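The block underneath contains the structure these notes are about, expressed in structure tokens.
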Amino acid sequence: MKKASTKKKAERSSPESDALAPLGRDVRQLIVRGARENNLKGIDLELPIDRLIAFAGPSGSGKSSLVFDTIYAEGQRRYLEALSLHLQGMADAFSRPKVDLIEGIPPMIAVRAMAASPSSRATIGSVSEILPYLRLLLVKIGRMRCGDGSFAREGRTPASIAEELLESRGEGERFMVLAPLYGLEDERLKQLIRQGWTRFFTARGVLEAGELLPADFVRAELLIDRLAIRERSLRRIREAIEQAYELSGGLVTIFFPEGEERLFFQETAGCPPAPSPEGSDDAGQKSEVLPALTYDLLDPHRPEGRCEACMGQGVVFTDARGVEGKRREDESAVEDCPDCRGTRLSSMARRAHLGPHGFEALLSMDLGSLRRTLRSLELSEKERMIAAEPLGLIDEKLEAIEAIGLSYLSAKRPLSTLSGGEVSRLRLAQQLGARLRGILYALEEPSAGLHPADLDVLIRFLRALVQRENGVLLVEHSIPLLRAADLLVELGPSGGEFGGEVVAFGEPTTLFEEGKSPTSAAIHRLEKMGEARQSERRGKATASIEIRGARAHNLQNLDVSIPKARLVCVTGRSGSGKSSLVFSELLRAAKAQIGGRGRRAAGEDGRAAPAETTVVRGLEGFERVIVVDASPIGRSARAIPLTTLQIFDNIREIYAALPDARARGWRASRFSFNVKGGRCERCEGLGVISVDMRFLPDLEIECEECLGSRFKDEMEEVRFKGYSIARLLTLSVSEAIALFEAFPKIDARLKALERLGLGYLRLGQRANTLSSGEAQRLRLARELSGRTRGRALYLLDEPSRGLHLGEVDLLIRALDELVERGHSVIAIEHHLAIMAAADHLIDLGPGAGPEGGRLVAEGSPEALIARREGATAEALRAFMRAGG
């Protein structure tokens, strides 16, 4: 049946203009005509720029293709054109999106949900851009502390000391210039006498060299000159101080006999000498010289600033073997570095202070306390003038972080230890703190990782962006966010070749009430799923994993039992300690106890304690611990879905066994784009050429030699069922399934992908273009289709990320299948449908940061609802009631 054009659908379902004018401003329009990027089918749209516009639809329906690959990509290209004649050439190389016309694009900023590998050195302070301004403040108005806690003295020139004396003392006031010689020895005394220096100042007064007793040597000071405060004596005062510096190694004492007042100065910054007590036989100590407060000293990435014990990592690492699936780098860390306490700073850098607050303390306090501390600094008028701008910028950034609900984090905390929701909100806070106007933001799944109770905070944030005369294009699946939008654009009706059309366009409330869109239909299905699932597993007894005394991050001596061979959801508000429990405590213990095919770490009864007080029991019987998370797939741009599924080798062997390939002597390696042979050598099998853009991110353009196919033209001569290897990699998973029905391993893994809603993925799609949710489901598909090798412990981080409402049921069935095979599945999750389907819930909270880390409730979904304890129980009760 012939489908109506996308343009006509959009025009028919467009809302009246007066329905989109709540902000009282003239509405600017973004016009898109004939968008055909990827699977888009000639989409025509007219969108108000300064509104909150949501894009919804099944996975692969074309949401990202429209927002990011078409609108944002064209905005980038035009930006390059506007920079300079030199960069205009690069803009021409930037492939133009497949679109007939785009008008009205303002400056754009994109925040994507695509998984990124956080550097082990990235911290909250560095990513939020608070740290550079803190360093600036310390360099400009900070001071160093000595070992005894006193503030270090600044390095002073003779001229500045002389000027200070003239300005601060009375005319004619008499004083002495002394050179401290603590611990004077006989040989040194003889040398000074030979040079003509014979008078010394001691506790007994001014003495000639011959009058000195051994006890005087401890604190003796050489008398350089006797002077009076007079303008005409300025040069003589300066020369006397220079002489004292030379003879004492950079120290000088100005002594005023009347009142016996002493002023101590030194040539370089450092601590004053601490002479031995009078009467002691020990020689006096010399002044401790401290380095100048510089950016390098305060930077843990520089040799001067990094902690030598942990080399600037902030943590101490242990053996991380024994876990399948890459997880965050820091999770093999036993604890914070005992020397720097996680700040990554050298001992000298930790002496830097801003007022009474050390740099270490500033980095360690929560961001809410940091904001209050910086606001209450007592500064001189001069210091306040110097610090006004950086303090203002820091305050704006901290205000945005507070507004988005992350003030409980500390600046020193590694980015890799945050939950997905925390990372997402931190990136959004950067934009709120920038206070830009006239920007069109493209945001991908900002609700990922957020508890239902936290969505109001995000909605207020998005509204704040719009109120500042910005626009927001929101690719989302969360119903509360879709309802909060001014305009909803739904793509579909399905994914891949069956998507790419606008199937609904208008105000969300109207569209959902009509019930004609894929999203509204999915809402009704999920409401029915809200009825309590009476799983047969729920009532049966089972062994448990016991965690006792968990204290990682904000966990507060937590005790919890996790039933084995069950689907367990760990729930709670963002920052409540879910990731700390699952990935800092349980995963670390599992690595040690299960790692190395059953090898146990040394320790009492073979148990490993992730933190000093944590005990984890009940891991016996597991042969593997498998992390299925949203971290990037592969370490390079060469990873594709087939390599992740571990079937690309099998496919290449099929091609190598074909008669045409054997006649040419081509082995399986010939069909790889990773090694020389059949690959295009111009792009080395990548299909794209990377262009260095200097101060901009590198630009990738299609290879002119192979036109993006990755292979030489001669590889077209060998075909499997009519497809060359290059052509095969352009097929979607759903299209390829029919080709490999006779190959069980390949068939099983491709069908597993389709069952998880990923049938639209291209076989050769670069893994670094996958969203975080797609990356996680790709890993899960490999597990579902792989051979069972004993009991496994699966740890999942928000497996519903990136799933349309209509696809959640597919995920629940996949997780159930793993449990039915005897495996244990523990998932951090916020999706209410998955919570309702779980056998057991562990709810942490009640709040975030220091207000979290406690067990709020545990048990079956029905048990939590009955007790009505916490935000999760209330949200789940509303969801289940809607289905009942």
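Residue numbering restarts at 1 in every chain; chains get A, B, ... in the order shown in the structure tokens, and ligands count up from 1 in that same order.
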
Find the spatial neighbours of A:Ile459, counting only C-alpha atoms, within a cut-off of 9 Å - ignore same-chain residues fewer than 5 positions away - and output them as a ChimeraX atom specification. /A:464,480-481,484

Would you mind listing, for every residue of stretch 429-478 of chain A within 12 Å of stretch 820-832 of chain A, the two atoms forming the shortest contact and the distance between them in Å to one decimal, using only C-alpha atoms, sorted by chain and ascending residue number, as a tab-separated table?
```
residue	atom	partner	partner_atom	distance
A:Ser447	CA	A:His830	CA	10.0
A:Ala448	CA	A:His830	CA	8.7
A:Gly449	CA	A:His830	CA	6.9
A:Leu450	CA	A:His830	CA	6.7
A:His451	CA	A:His830	CA	5.3
A:Pro452	CA	A:His830	CA	6.9
A:Ala453	CA	A:His830	CA	9.8
A:Asp454	CA	A:His830	CA	10.5
A:Leu455	CA	A:His830	CA	11.1
A:His477	CA	A:His831	CA	10.8
A:Ser478	CA	A:His831	CA	9.2
```

For the selection you just gave me, I'd like the residues written to a file as an mmCIF file, in the first residue's frame, keeping N, CA and C atoms.
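And here is the file that came out, selection_31.cif:
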```cif
data_model
loop_
_atom_site.group_PDB
_atom_site.id
_atom_site.type_symbol
_atom_site.label_atom_id
_atom_site.label_comp_id
_atom_site.auth_asym_id
_atom_site.auth_seq_id
_atom_site.Cartn_x
_atom_site.Cartn_y
_atom_site.Cartn_z
ATOM 1 N N SER A 447 17.545 12.393 29.976
ATOM 2 C CA SER A 447 16.943 11.735 31.138
ATOM 3 C C SER A 447 17.626 10.427 31.491
ATOM 4 N N ALA A 448 18.576 9.972 30.656
ATOM 5 C CA ALA A 448 19.231 8.687 30.915
ATOM 6 C C ALA A 448 19.872 8.706 32.297
ATOM 7 N N GLY A 449 19.565 7.690 33.091
ATOM 8 C CA GLY A 449 20.159 7.578 34.414
ATOM 9 C C GLY A 449 19.414 8.308 35.502
ATOM 10 N N LEU A 450 18.311 8.965 35.169
ATOM 11 C CA LEU A 450 17.573 9.728 36.170
ATOM 12 C C LEU A 450 16.401 8.920 36.721
ATOM 13 N N HIS A 451 16.239 8.972 38.015
ATOM 14 C CA HIS A 451 15.095 8.372 38.683
ATOM 15 C C HIS A 451 13.845 9.168 38.310
ATOM 16 N N PRO A 452 12.676 8.524 38.253
ATOM 17 C CA PRO A 452 11.456 9.279 37.936
ATOM 18 C C PRO A 452 11.254 10.511 38.818
ATOM 19 N N ALA A 453 11.707 10.428 40.078
ATOM 20 C CA ALA A 453 11.534 11.565 40.987
ATOM 21 C C ALA A 453 12.465 12.721 40.663
ATOM 22 N N ASP A 454 13.504 12.476 39.850
ATOM 23 C CA ASP A 454 14.470 13.528 39.511
ATOM 24 C C ASP A 454 14.136 14.247 38.207
ATOM 25 N N LEU A 455 13.120 13.782 37.498
ATOM 26 C CA LEU A 455 12.847 14.352 36.178
ATOM 27 C C LEU A 455 12.362 15.796 36.254
ATOM 28 N N HIS A 477 12.997 9.453 25.114
ATOM 29 C CA HIS A 477 12.000 8.393 25.249
ATOM 30 C C HIS A 477 11.160 8.560 26.508
ATOM 31 N N SER A 478 11.616 9.385 27.441
ATOM 32 C CA SER A 478 10.925 9.543 28.723
ATOM 33 C C SER A 478 9.587 10.256 28.535
#
```

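Distance-wise, atom CA of A:Leu362 and atom CA of A:Arg854 end up 26.2 Å apart.
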
Just the strand (DSSP E) stuff from stretch 540-578 of chain A, please, per backbone DSSP, written as a PyMOL selection string. chain A and resi 544-550+558-563+567-572

To test your reading of the structure, identify every residue in stretch 252-498 of chain A that backbone DSSP assigns to helix (DSSP H, G or I), and report it as a PDB file with C-alpha atoms, in the first residue's frame.
```pdb
ATOM      1  CA  GLU A 329      39.267   2.137  34.829  1.00  0.00           C
ATOM      2  CA  ASP A 330      39.119   3.091  38.497  1.00  0.00           C
ATOM      3  CA  GLU A 331      37.184  -0.002  39.507  1.00  0.00           C
ATOM      4  CA  SER A 332      40.342  -2.013  39.953  1.00  0.00           C
ATOM      5  CA  ALA A 349      50.730  21.510  45.985  1.00  0.00           C
ATOM      6  CA  ARG A 350      48.674  20.459  49.004  1.00  0.00           C
ATOM      7  CA  ARG A 351      50.287  23.291  50.982  1.00  0.00           C
ATOM      8  CA  PHE A 359      43.687  23.316  48.070  1.00  0.00           C
ATOM      9  CA  GLU A 360      43.218  19.720  49.213  1.00  0.00           C
ATOM     10  CA  ALA A 361      40.278  20.705  51.431  1.00  0.00           C
ATOM     11  CA  LEU A 362      38.656  22.739  48.650  1.00  0.00           C
ATOM     12  CA  LEU A 363      38.836  19.777  46.264  1.00  0.00           C
ATOM     13  CA  SER A 364      37.498  17.353  48.877  1.00  0.00           C
ATOM     14  CA  LEU A 367      30.342  21.449  45.722  1.00  0.00           C
ATOM     15  CA  GLY A 368      27.587  23.045  47.778  1.00  0.00           C
ATOM     16  CA  SER A 369      30.025  23.628  50.630  1.00  0.00           C
ATOM     17  CA  LEU A 370      32.646  24.844  48.156  1.00  0.00           C
ATOM     18  CA  ARG A 371      30.259  27.509  46.891  1.00  0.00           C
ATOM     19  CA  ARG A 372      29.485  28.722  50.428  1.00  0.00           C
ATOM     20  CA  THR A 373      33.190  28.695  51.330  1.00  0.00           C
ATOM     21  CA  LEU A 374      34.228  30.793  48.346  1.00  0.00           C
ATOM     22  CA  ARG A 375      31.410  33.249  48.967  1.00  0.00           C
ATOM     23  CA  GLU A 381      40.290  45.194  48.849  1.00  0.00           C
ATOM     24  CA  LYS A 382      43.155  44.442  46.480  1.00  0.00           C
ATOM     25  CA  GLU A 383      42.559  40.678  46.648  1.00  0.00           C
ATOM     26  CA  ARG A 384      38.847  41.150  46.030  1.00  0.00           C
ATOM     27  CA  MET A 385      39.544  43.173  42.895  1.00  0.00           C
ATOM     28  CA  ILE A 386      41.882  40.460  41.597  1.00  0.00           C
ATOM     29  CA  ALA A 387      39.527  37.596  42.497  1.00  0.00           C
ATOM     30  CA  ALA A 388      36.212  39.157  41.450  1.00  0.00           C
ATOM     31  CA  GLU A 389      36.021  37.683  37.934  1.00  0.00           C
ATOM     32  CA  PRO A 390      37.212  34.102  38.637  1.00  0.00           C
ATOM     33  CA  LEU A 391      35.071  33.938  41.791  1.00  0.00           C
ATOM     34  CA  GLY A 392      32.059  35.072  39.770  1.00  0.00           C
ATOM     35  CA  LEU A 393      32.649  32.460  37.071  1.00  0.00           C
ATOM     36  CA  ILE A 394      33.073  29.677  39.629  1.00  0.00           C
ATOM     37  CA  ASP A 395      29.886  30.757  41.393  1.00  0.00           C
ATOM     38  CA  GLU A 396      27.902  30.648  38.139  1.00  0.00           C
ATOM     39  CA  LYS A 397      29.112  27.127  37.415  1.00  0.00           C
ATOM     40  CA  LEU A 398      28.410  25.945  40.968  1.00  0.00           C
ATOM     41  CA  GLU A 399      24.960  27.542  40.841  1.00  0.00           C
ATOM     42  CA  ALA A 400      24.168  25.532  37.699  1.00  0.00           C
ATOM     43  CA  ILE A 401      25.433  22.337  39.330  1.00  0.00           C
ATOM     44  CA  GLU A 402      23.230  23.002  42.365  1.00  0.00           C
ATOM     45  CA  ALA A 403      20.244  23.698  40.110  1.00  0.00           C
ATOM     46  CA  LEU A 415      34.344  11.218  36.407  1.00  0.00           C
ATOM     47  CA  SER A 416      34.535   7.477  35.810  1.00  0.00           C
ATOM     48  CA  THR A 417      32.951   6.773  39.219  1.00  0.00           C
ATOM     49  CA  GLY A 420      25.132   7.587  33.965  1.00  0.00           C
ATOM     50  CA  GLY A 421      22.557  10.051  35.264  1.00  0.00           C
ATOM     51  CA  GLU A 422      25.176  12.069  37.102  1.00  0.00           C
ATOM     52  CA  VAL A 423      27.412  12.344  34.031  1.00  0.00           C
ATOM     53  CA  SER A 424      24.465  13.397  31.884  1.00  0.00           C
ATOM     54  CA  ARG A 425      23.399  16.105  34.316  1.00  0.00           C
ATOM     55  CA  LEU A 426      26.954  17.351  34.778  1.00  0.00           C
ATOM     56  CA  ARG A 427      27.295  17.876  31.030  1.00  0.00           C
ATOM     57  CA  LEU A 428      23.983  19.732  30.971  1.00  0.00           C
ATOM     58  CA  ALA A 429      25.037  21.888  33.925  1.00  0.00           C
ATOM     59  CA  GLN A 430      27.997  23.059  31.841  1.00  0.00           C
ATOM     60  CA  GLN A 431      25.540  24.545  29.360  1.00  0.00           C
ATOM     61  CA  LEU A 432      23.351  26.145  32.024  1.00  0.00           C
ATOM     62  CA  GLY A 433      26.436  27.672  33.648  1.00  0.00           C
ATOM     63  CA  ALA A 434      27.576  29.148  30.338  1.00  0.00           C
ATOM     64  CA  PRO A 452      11.456   9.279  37.936  1.00  0.00           C
ATOM     65  CA  ALA A 453      11.534  11.565  40.987  1.00  0.00           C
ATOM     66  CA  ASP A 454      14.470  13.528  39.511  1.00  0.00           C
ATOM     67  CA  LEU A 455      12.847  14.352  36.178  1.00  0.00           C
ATOM     68  CA  ASP A 456      11.244  17.548  37.479  1.00  0.00           C
ATOM     69  CA  VAL A 457      14.720  19.003  38.056  1.00  0.00           C
ATOM     70  CA  LEU A 458      15.689  18.232  34.460  1.00  0.00           C
ATOM     71  CA  ILE A 459      12.476  19.722  33.093  1.00  0.00           C
ATOM     72  CA  ARG A 460      13.098  22.943  35.031  1.00  0.00           C
ATOM     73  CA  PHE A 461      16.614  23.044  33.599  1.00  0.00           C
ATOM     74  CA  LEU A 462      15.360  22.671  30.020  1.00  0.00           C
ATOM     75  CA  ARG A 463      12.773  25.359  30.633  1.00  0.00           C
ATOM     76  CA  ALA A 464      15.516  27.661  31.959  1.00  0.00           C
ATOM     77  CA  LEU A 465      17.408  27.249  28.686  1.00  0.00           C
ATOM     78  CA  VAL A 466      14.317  28.185  26.688  1.00  0.00           C
ATOM     79  CA  GLN A 467      13.558  31.164  28.931  1.00  0.00           C
ATOM     80  CA  ILE A 479       7.178  10.204  28.828  1.00  0.00           C
ATOM     81  CA  PRO A 480       7.372  13.051  31.416  1.00  0.00           C
ATOM     82  CA  LEU A 481       9.899  14.873  29.216  1.00  0.00           C
ATOM     83  CA  LEU A 482       7.853  14.280  26.078  1.00  0.00           C
ATOM     84  CA  ARG A 483       4.766  15.637  27.833  1.00  0.00           C
ATOM     85  CA  ALA A 484       6.729  18.736  28.967  1.00  0.00           C
ATOM     86  CA  GLY A 496      15.665   1.028   9.795  1.00  0.00           C
ATOM     87  CA  GLU A 497      14.146   0.839   6.334  1.00  0.00           C
ATOM     88  CA  PHE A 498      10.685   0.862   7.919  1.00  0.00           C
TER      89      PHE A 498
END
```

Taking only C-alpha atoms into account, name the residue in A:Val616, A:Val139, A:Val560, A:Phe622 that is nearest to A:Tyr295.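 Selected residue with least distance to A:Tyr295: A:Val139.
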
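Proximity of A:Thr198, A:Gly708, A:Arg573, A:Phe217 to A:Gly852, computed with only C-alpha atoms, is greatest for A:Arg573.
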
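Relative to atom CA of A:Asp339, atom CA of A:Gly149 is found at 17.9 Å.
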
Of the residues A:Gly471, A:Arg638, A:Val206, A:Ala54, which is the one nearest to A:Val675, using only C-alpha atoms?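 Among the listed residues, A:Arg638 lies closest to A:Val675.
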
Surrounding residues of A:Phe740 excluding itself and chain neighbours under 5 positions, 10 Å, only C-alpha atoms, as a PyMOL selection string: chain A and resi 651+721+745-748+750

Neighbouring residues of A:Ala590 were defined as those with any atom within 8 Å, considering only C-alpha atoms; residues of the same chain fewer than 4 positions away were excluded. Please report them as JSON, numbers by chain. {"A": [586, 594, 595, 619, 625]}

Let me see the file: selected residues, N, CA and C atoms, as a PDB file, in the first residue's frame.
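The result, stored in selection-v8.pdb:
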```
ATOM      1  N   LEU A 586      30.488  -4.703  44.717  1.00  0.00           N
ATOM      2  CA  LEU A 586      30.242  -6.069  44.252  1.00  0.00           C
ATOM      3  C   LEU A 586      31.191  -6.465  43.130  1.00  0.00           C
ATOM      4  N   ILE A 594      36.122 -14.397  41.702  1.00  0.00           N
ATOM      5  CA  ILE A 594      35.777 -15.217  40.538  1.00  0.00           C
ATOM      6  C   ILE A 594      36.851 -15.139  39.476  1.00  0.00           C
ATOM      7  N   GLY A 595      37.643 -14.067  39.484  1.00  0.00           N
ATOM      8  CA  GLY A 595      38.612 -13.801  38.426  1.00  0.00           C
ATOM      9  C   GLY A 595      39.571 -14.940  38.192  1.00  0.00           C
ATOM     10  N   LEU A 619      29.623 -15.659  46.528  1.00  0.00           N
ATOM     11  CA  LEU A 619      29.992 -15.635  45.114  1.00  0.00           C
ATOM     12  C   LEU A 619      30.457 -16.996  44.605  1.00  0.00           C
ATOM     13  N   VAL A 625      32.023 -13.317  35.842  1.00  0.00           N
ATOM     14  CA  VAL A 625      31.297 -12.076  36.115  1.00  0.00           C
ATOM     15  C   VAL A 625      31.367 -11.254  34.839  1.00  0.00           C
TER      16      VAL A 625
END
```

Work out how far atom CA of A:Leu753 is from atom CA of A:Leu780, in Å to one decimal.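 These two atoms are separated by 8.6 Å.
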
Identify, on the basis of only C-alpha atoms, every residue whose closest approach to A:Arg306 does not exceed 7 Å; exclude the query and any residue fewer than 5 positions from it along the same chain; express the result as number ranges by chain. A: 299-301, 311-312, 344-346

Restricting it to C-alpha atoms, dump the selection as a PDB file, in the first residue's frame.
```
ATOM      1  CA  ASP A 299      48.346  20.659  38.096  1.00  0.00           C
ATOM      2  CA  PRO A 300      48.488  16.897  38.860  1.00  0.00           C
ATOM      3  CA  HIS A 301      49.304  16.284  35.184  1.00  0.00           C
ATOM      4  CA  MET A 311      51.596   9.369  39.782  1.00  0.00           C
ATOM      5  CA  GLY A 312      48.657  11.744  39.714  1.00  0.00           C
ATOM      6  CA  ARG A 344      46.262  13.609  42.951  1.00  0.00           C
ATOM      7  CA  LEU A 345      48.398  16.509  44.209  1.00  0.00           C
ATOM      8  CA  SER A 346      52.016  16.578  45.364  1.00  0.00           C
TER       9      SER A 346
END
```

Find the residues around A:Glu231 up to 12 Å (only C-alpha atoms counted), leave out those fewer than 6 positions away in its own chain, and share them as a PyMOL selection string. chain A and resi 162-167+169-173+237-238

Export N, CA and C atoms of the chosen residues as a PDB file, in the first residue's frame?
```pdb
ATOM      1  N   ALA A 162      63.267  47.695  51.499  1.00  0.00           N
ATOM      2  CA  ALA A 162      63.685  49.057  51.829  1.00  0.00           C
ATOM      3  C   ALA A 162      62.528  50.038  51.666  1.00  0.00           C
ATOM      4  N   GLU A 163      61.754  49.883  50.585  1.00  0.00           N
ATOM      5  CA  GLU A 163      60.606  50.764  50.367  1.00  0.00           C
ATOM      6  C   GLU A 163      59.575  50.597  51.484  1.00  0.00           C
ATOM      7  N   GLU A 164      59.327  49.353  51.882  1.00  0.00           N
ATOM      8  CA  GLU A 164      58.354  49.100  52.948  1.00  0.00           C
ATOM      9  C   GLU A 164      58.782  49.755  54.259  1.00  0.00           C
ATOM     10  N   LEU A 165      60.073  49.655  54.578  1.00  0.00           N
ATOM     11  CA  LEU A 165      60.567  50.259  55.814  1.00  0.00           C
ATOM     12  C   LEU A 165      60.367  51.769  55.803  1.00  0.00           C
ATOM     13  N   LEU A 166      60.649  52.407  54.675  1.00  0.00           N
ATOM     14  CA  LEU A 166      60.494  53.862  54.594  1.00  0.00           C
ATOM     15  C   LEU A 166      59.027  54.281  54.723  1.00  0.00           C
ATOM     16  N   GLU A 167      58.118  53.448  54.179  1.00  0.00           N
ATOM     17  CA  GLU A 167      56.702  53.804  54.192  1.00  0.00           C
ATOM     18  C   GLU A 167      56.033  53.518  55.529  1.00  0.00           C
ATOM     19  N   ARG A 169      57.660  52.937  58.765  1.00  0.00           N
ATOM     20  CA  ARG A 169      58.311  53.289  60.026  1.00  0.00           C
ATOM     21  C   ARG A 169      58.499  54.804  60.123  1.00  0.00           C
ATOM     22  N   GLY A 170      58.703  55.244  61.339  1.00  0.00           N
ATOM     23  CA  GLY A 170      58.864  56.669  61.571  1.00  0.00           C
ATOM     24  C   GLY A 170      60.234  57.182  61.148  1.00  0.00           C
ATOM     25  N   GLU A 171      60.290  58.430  60.706  1.00  0.00           N
ATOM     26  CA  GLU A 171      61.542  59.068  60.283  1.00  0.00           C
ATOM     27  C   GLU A 171      62.545  59.050  61.435  1.00  0.00           C
ATOM     28  N   GLY A 172      63.739  58.558  61.126  1.00  0.00           N
ATOM     29  CA  GLY A 172      64.816  58.548  62.100  1.00  0.00           C
ATOM     30  C   GLY A 172      64.848  57.334  63.010  1.00  0.00           C
ATOM     31  N   GLU A 173      63.867  56.459  62.905  1.00  0.00           N
ATOM     32  CA  GLU A 173      63.863  55.272  63.771  1.00  0.00           C
ATOM     33  C   GLU A 173      65.061  54.396  63.440  1.00  0.00           C
ATOM     34  N   ILE A 237      70.410  51.129  52.805  1.00  0.00           N
ATOM     35  CA  ILE A 237      69.553  50.072  53.375  1.00  0.00           C
ATOM     36  C   ILE A 237      69.463  48.893  52.407  1.00  0.00           C
ATOM     37  N   ARG A 238      69.234  49.217  51.125  1.00  0.00           N
ATOM     38  CA  ARG A 238      69.111  48.164  50.113  1.00  0.00           C
ATOM     39  C   ARG A 238      70.398  47.350  50.008  1.00  0.00           C
TER      40      ARG A 238
END
```

I'd like the contact shell of A:Arg226 - 9 Å cut-off, only C-alpha atoms, skipping same-chain residues fewer than 3 positions apart - returned as JSON, numbers by chain. {"A": [174, 175, 176, 177, 223]}

Grab the residues selected above and save them as a PDB file, in the first residue's frame with C-alpha atoms.
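Ended up saving to again.pdb:
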```
ATOM      1  CA  ARG A 174      67.004  53.232  64.295  1.00  0.00           C
ATOM      2  CA  PHE A 175      67.431  49.550  63.372  1.00  0.00           C
ATOM      3  CA  MET A 176      69.967  46.843  62.607  1.00  0.00           C
ATOM      4  CA  VAL A 177      70.316  44.720  59.479  1.00  0.00           C
ATOM      5  CA  LEU A 223      75.526  42.429  62.227  1.00  0.00           C
TER       6      LEU A 223
END
```
